[in-house]
Amino acid sequence: MRSIWNGAISFGLVSIPIKLVNATENHSISFRQIHLADGGRIRYRKVCELDEQEVTTAEIGKAYEDADGTMIPITDDDLASLPLPTARTIEIVAFVPADEIDPLQMDAAYYLSANGVPAAKPYTLLREALKRSQKVAVAKYALRGRERLGMLRVVDDVIAMHGLLWPDEIRAPEGVAPETDVTVRDAELDLADALMDTLGEVDMDTLHDDYREAVEELIAAKASGEATEPAAAADSGGGKVIDLIAALENSVRAAKKSRGEEGDGEETGGEVAEVHPIRKPARKTAQKTTHRTPTGKTVTRSGGGTASTAKKSAPKTTGAKKSTATAKKASAQSPTKKTAAKKTAAKSTAAKKTASSSRSTTKKAEGTSSRKRASA
C-alpha cells in the first residue's frame with residue numbers, strides 16, 4: 001500500500017519513524033456529467049474571474065477571504081514558518097479508556113507502518129503497551145495544512161489511527177429530540193427486547209452494499225443493450241399511524257421466519273387470535289297451508305308466523321273457534337304440539353260431520369213416518 005504521509009510517533013522521548021497508509025477505500029460508483037443533447041462530457045475548468053482566462057494548477061495559490069471580500073494571500077512558506085511541533089510528528093498526549101472517545105468524533109482511519117528496521121522495536125513496544133493497558137492513545141498530528149486530533153489503537157498486530165474531530169466541532173443536539181412527552185410501557189419494552197434478541201448478532205464481514213451491486217448490474221445491462229425493468233418500490237410506511245405493539249409483534253414474527261424459526265404466541269407476548277366472519281341468520285320462509293273449514297270455506301295460513309298473523313288469516317266461524325285457537329297456540333310452541341292440535345281439530349270436525357249426518361237422517365225418518373200416517 002502506498003503511504004500518504006511520512007513522519008514519526010513521539011512517545012515521550014521515544015521517536016518511532018512511521019508511514020501513514022489509508023485504512024479504508026471508497027467503492028462507490030462515480031458518474032460523469034454529460035450533455036444530454038449529444039452525450040458530450042461536461043468538464044469544469046478553472047478560470048480567473050478578472051481576465052477570464054483558464055489557469056493551470058501551478059498558477060493557483062492560497063488566499064483567505066476577509067469579511068469584506070478582500071483576498072489575503074497565504075503561501076506555503078508562510079505556513080511552514082509557523083511554530084507547529086506536529087508538522088511531521090504524531091505527538092501522543094494521553095492514554096485514556098476507549099469508551100471516553102465519543103464515536104461522533106470518529107473521522108478517517110489510517111494504518112501506521114514502521115518505517116525501516118530500526119523502527120520495528122519501538123513500534124512493537126508501543127503496540128504491546130496499548131494491548132496490555134487496554135487503552136487508546138490520544139495524539140495530535142498535522143496533515144494537509146492543518147493540525148488534527150487522532151486516536152491510536154491496536155488492530156490485530158498493527159497500530160491504527162483514527163482521525164478525530166475537535167470537541168468544539170461536534171454540534172449539540174438541540175431541537176432534535178421529540179418535544180412531546182411520550183410514555184413507553186413495559187410491554188412495549190419487552191417486545192423491543194424480544195425483537196433485539198431475535199435479530200441477534202451479525203457477522204460484519206457478511207454485510208455488503210446491495211445498492212452498488214444493483215448499479216453495477218444496471219450498467220452492465222445498459223452496456224450490452226439489454227432492456228431494464230424498474231424495480232418495485234418498497235413501502236417505507238412513512239406518514240402512517242401504526243399500532244406500536246402490533247408492529248413489534250409482526251417484526252418479531254418476521255425475524256423468526258427469516259431465520260427459519262417458528263414463532264409462537266408465548267414468546268411474542270400472547271397468542272394470536274383467529275378472526276372468523278359473523279354469519280347472518282338465514283331468513284325463515286313462511287310455509288303456506290290450505291285447509292277447509294266446517295262451513296265449506298277454504299282458508300290459507302302461513303306457518304311459523306306470529307299469533308297475530310294467524311288471527312288475521314283465521315275465518316270468523318262459530319264452533320271451530322276454540323279448537324282452532326288451541327291449535328294455533330300449540331303450533332307456536334312446538335312442532336309436536338302443532339301436530340297434536342291438528343289431529344284434535346280433525347277429530348272435532350269429523351265428529352261434527354257425523355252429528356250433522358245423523359240429524360239429517362233422523363229428520364228424513366221423521367218425515368217419512370208422518371207421511372205414512374197421513375196416507376193411512
# chains A, B, ... in the order shown; residues from 1 in each chain; ligands from 1
call {"tool": "select_by_dssp", "arguments": {"residues": "range 75-283 of chain A", "states": "helix (DSSP H, G or I)", "output": "PyMOL selection string"}}
result
chain A and resi 76-80+98-100+103-105+117-133+167-169+186-199+204-206+210-224+244-258
call {"tool": "closest_atom_pairs", "arguments": {"of": "range 88-134 of chain A", "to": "range 167-187 of chain A", "cutoff": "12 Å", "atoms": "only C-alpha atoms", "output": "JSON lines"}}
result
{"residue": "A:Ile101", "atom": "CA", "partner": "A:Pro167", "partner_atom": "CA", "distance": 10.3}
{"residue": "A:Asp102", "atom": "CA", "partner": "A:Pro167", "partner_atom": "CA", "distance": 9.2}
{"residue": "A:Pro103", "atom": "CA", "partner": "A:Ile170", "partner_atom": "CA", "distance": 10.7}
{"residue": "A:Leu104", "atom": "CA", "partner": "A:Ile170", "partner_atom": "CA", "distance": 7.3}
{"residue": "A:Gln105", "atom": "CA", "partner": "A:Ile170", "partner_atom": "CA", "distance": 7.1}
{"residue": "A:Met106", "atom": "CA", "partner": "A:Ile170", "partner_atom": "CA", "distance": 10.6}
{"residue": "A:Asp107", "atom": "CA", "partner": "A:Glu169", "partner_atom": "CA", "distance": 11.8}
call {"tool": "residues_around", "arguments": {"residues": "range 58-64 of chain A", "least_positions_apart": "6", "cutoff": "6 Å", "atoms": "only C-alpha atoms", "output": "list in words"}}
result
Met71, Ile72, Pro73 and Ile74 of chain A
call {"tool": "write_last_selection", "arguments": {"atoms": "C-alpha atoms", "output": "PDB file, in the first residue's frame"}}
result
ATOM      1  CA  MET A  71      -8.353  38.184  -0.613  1.00  0.00           C
ATOM      2  CA  ILE A  72      -5.339  37.794   1.698  1.00  0.00           C
ATOM      3  CA  PRO A  73      -2.671  35.575   0.004  1.00  0.00           C
ATOM      4  CA  ILE A  74      -1.122  32.831   2.169  1.00  0.00           C
TER       5      ILE A  74
END
call {"tool": "select_by_dssp", "arguments": {"residues": "range 148-241 of chain A", "states": "strand (DSSP E)", "output": "list in words"}}
result
Arg148, Leu149, Gly150, Met151, Leu152, Arg153, Val154, Val155, Val158, Ile159, Ala160, Met161, His162, Gly163 and Leu164 of chain A
call {"tool": "residues_around", "arguments": {"residues": "range 146-162 of chain A", "least_positions_apart": "4", "cutoff": "8 Å", "atoms": "only C-alpha atoms", "output": "PyMOL selection string"}}
result
chain A and resi 86-87+106-113+127+130-131+135-142+166
call {"tool": "residues_around", "arguments": {"residues": "Ala114 in chain A", "least_positions_apart": "3", "cutoff": "7 Å", "atoms": "only C-alpha atoms", "output": "list in words"}}
result
Pro17, Ile18, Lys19, Ala119, Ala120 and Tyr123 of chain A
call {"tool": "write_last_selection", "arguments": {"atoms": "N, CA, C and O atoms", "output": "mmCIF file, in the first residue's frame"}}
result
data_model
loop_
_atom_site.group_PDB
_atom_site.id
_atom_site.type_symbol
_atom_site.label_atom_id
_atom_site.label_comp_id
_atom_site.auth_asym_id
_atom_site.auth_seq_id
_atom_site.Cartn_x
_atom_site.Cartn_y
_atom_site.Cartn_z
ATOM 1 N N PRO A 17 9.806 6.139 13.694
ATOM 2 C CA PRO A 17 9.543 6.516 12.310
ATOM 3 C C PRO A 17 8.413 5.642 11.727
ATOM 4 O O PRO A 17 8.433 4.414 11.849
ATOM 5 N N ILE A 18 7.435 6.302 11.138
ATOM 6 C CA ILE A 18 6.286 5.561 10.588
ATOM 7 C C ILE A 18 5.889 6.132 9.222
ATOM 8 O O ILE A 18 6.284 7.231 8.841
ATOM 9 N N LYS A 19 5.085 5.339 8.522
ATOM 10 C CA LYS A 19 4.437 5.764 7.281
ATOM 11 C C LYS A 19 2.930 5.666 7.477
ATOM 12 O O LYS A 19 2.439 4.715 8.095
ATOM 13 N N ALA A 119 12.886 1.010 13.343
ATOM 14 C CA ALA A 119 11.606 1.404 13.938
ATOM 15 C C ALA A 119 10.801 0.213 14.444
ATOM 16 O O ALA A 119 9.790 0.404 15.144
ATOM 17 N N ALA A 120 11.242 -1.024 14.135
ATOM 18 C CA ALA A 120 10.445 -2.202 14.494
ATOM 19 C C ALA A 120 10.349 -2.377 16.007
ATOM 20 O O ALA A 120 9.279 -2.689 16.540
ATOM 21 N N TYR A 123 8.191 0.375 17.749
ATOM 22 C CA TYR A 123 6.824 0.191 17.248
ATOM 23 C C TYR A 123 6.139 -0.956 17.989
ATOM 24 O O TYR A 123 4.997 -0.828 18.451
#
call {"tool": "atom_distance", "arguments": {"atom1": "CA of Pro97 in chain A", "atom2": "CA of Arg132 in chain A"}}
result
12.1 Å
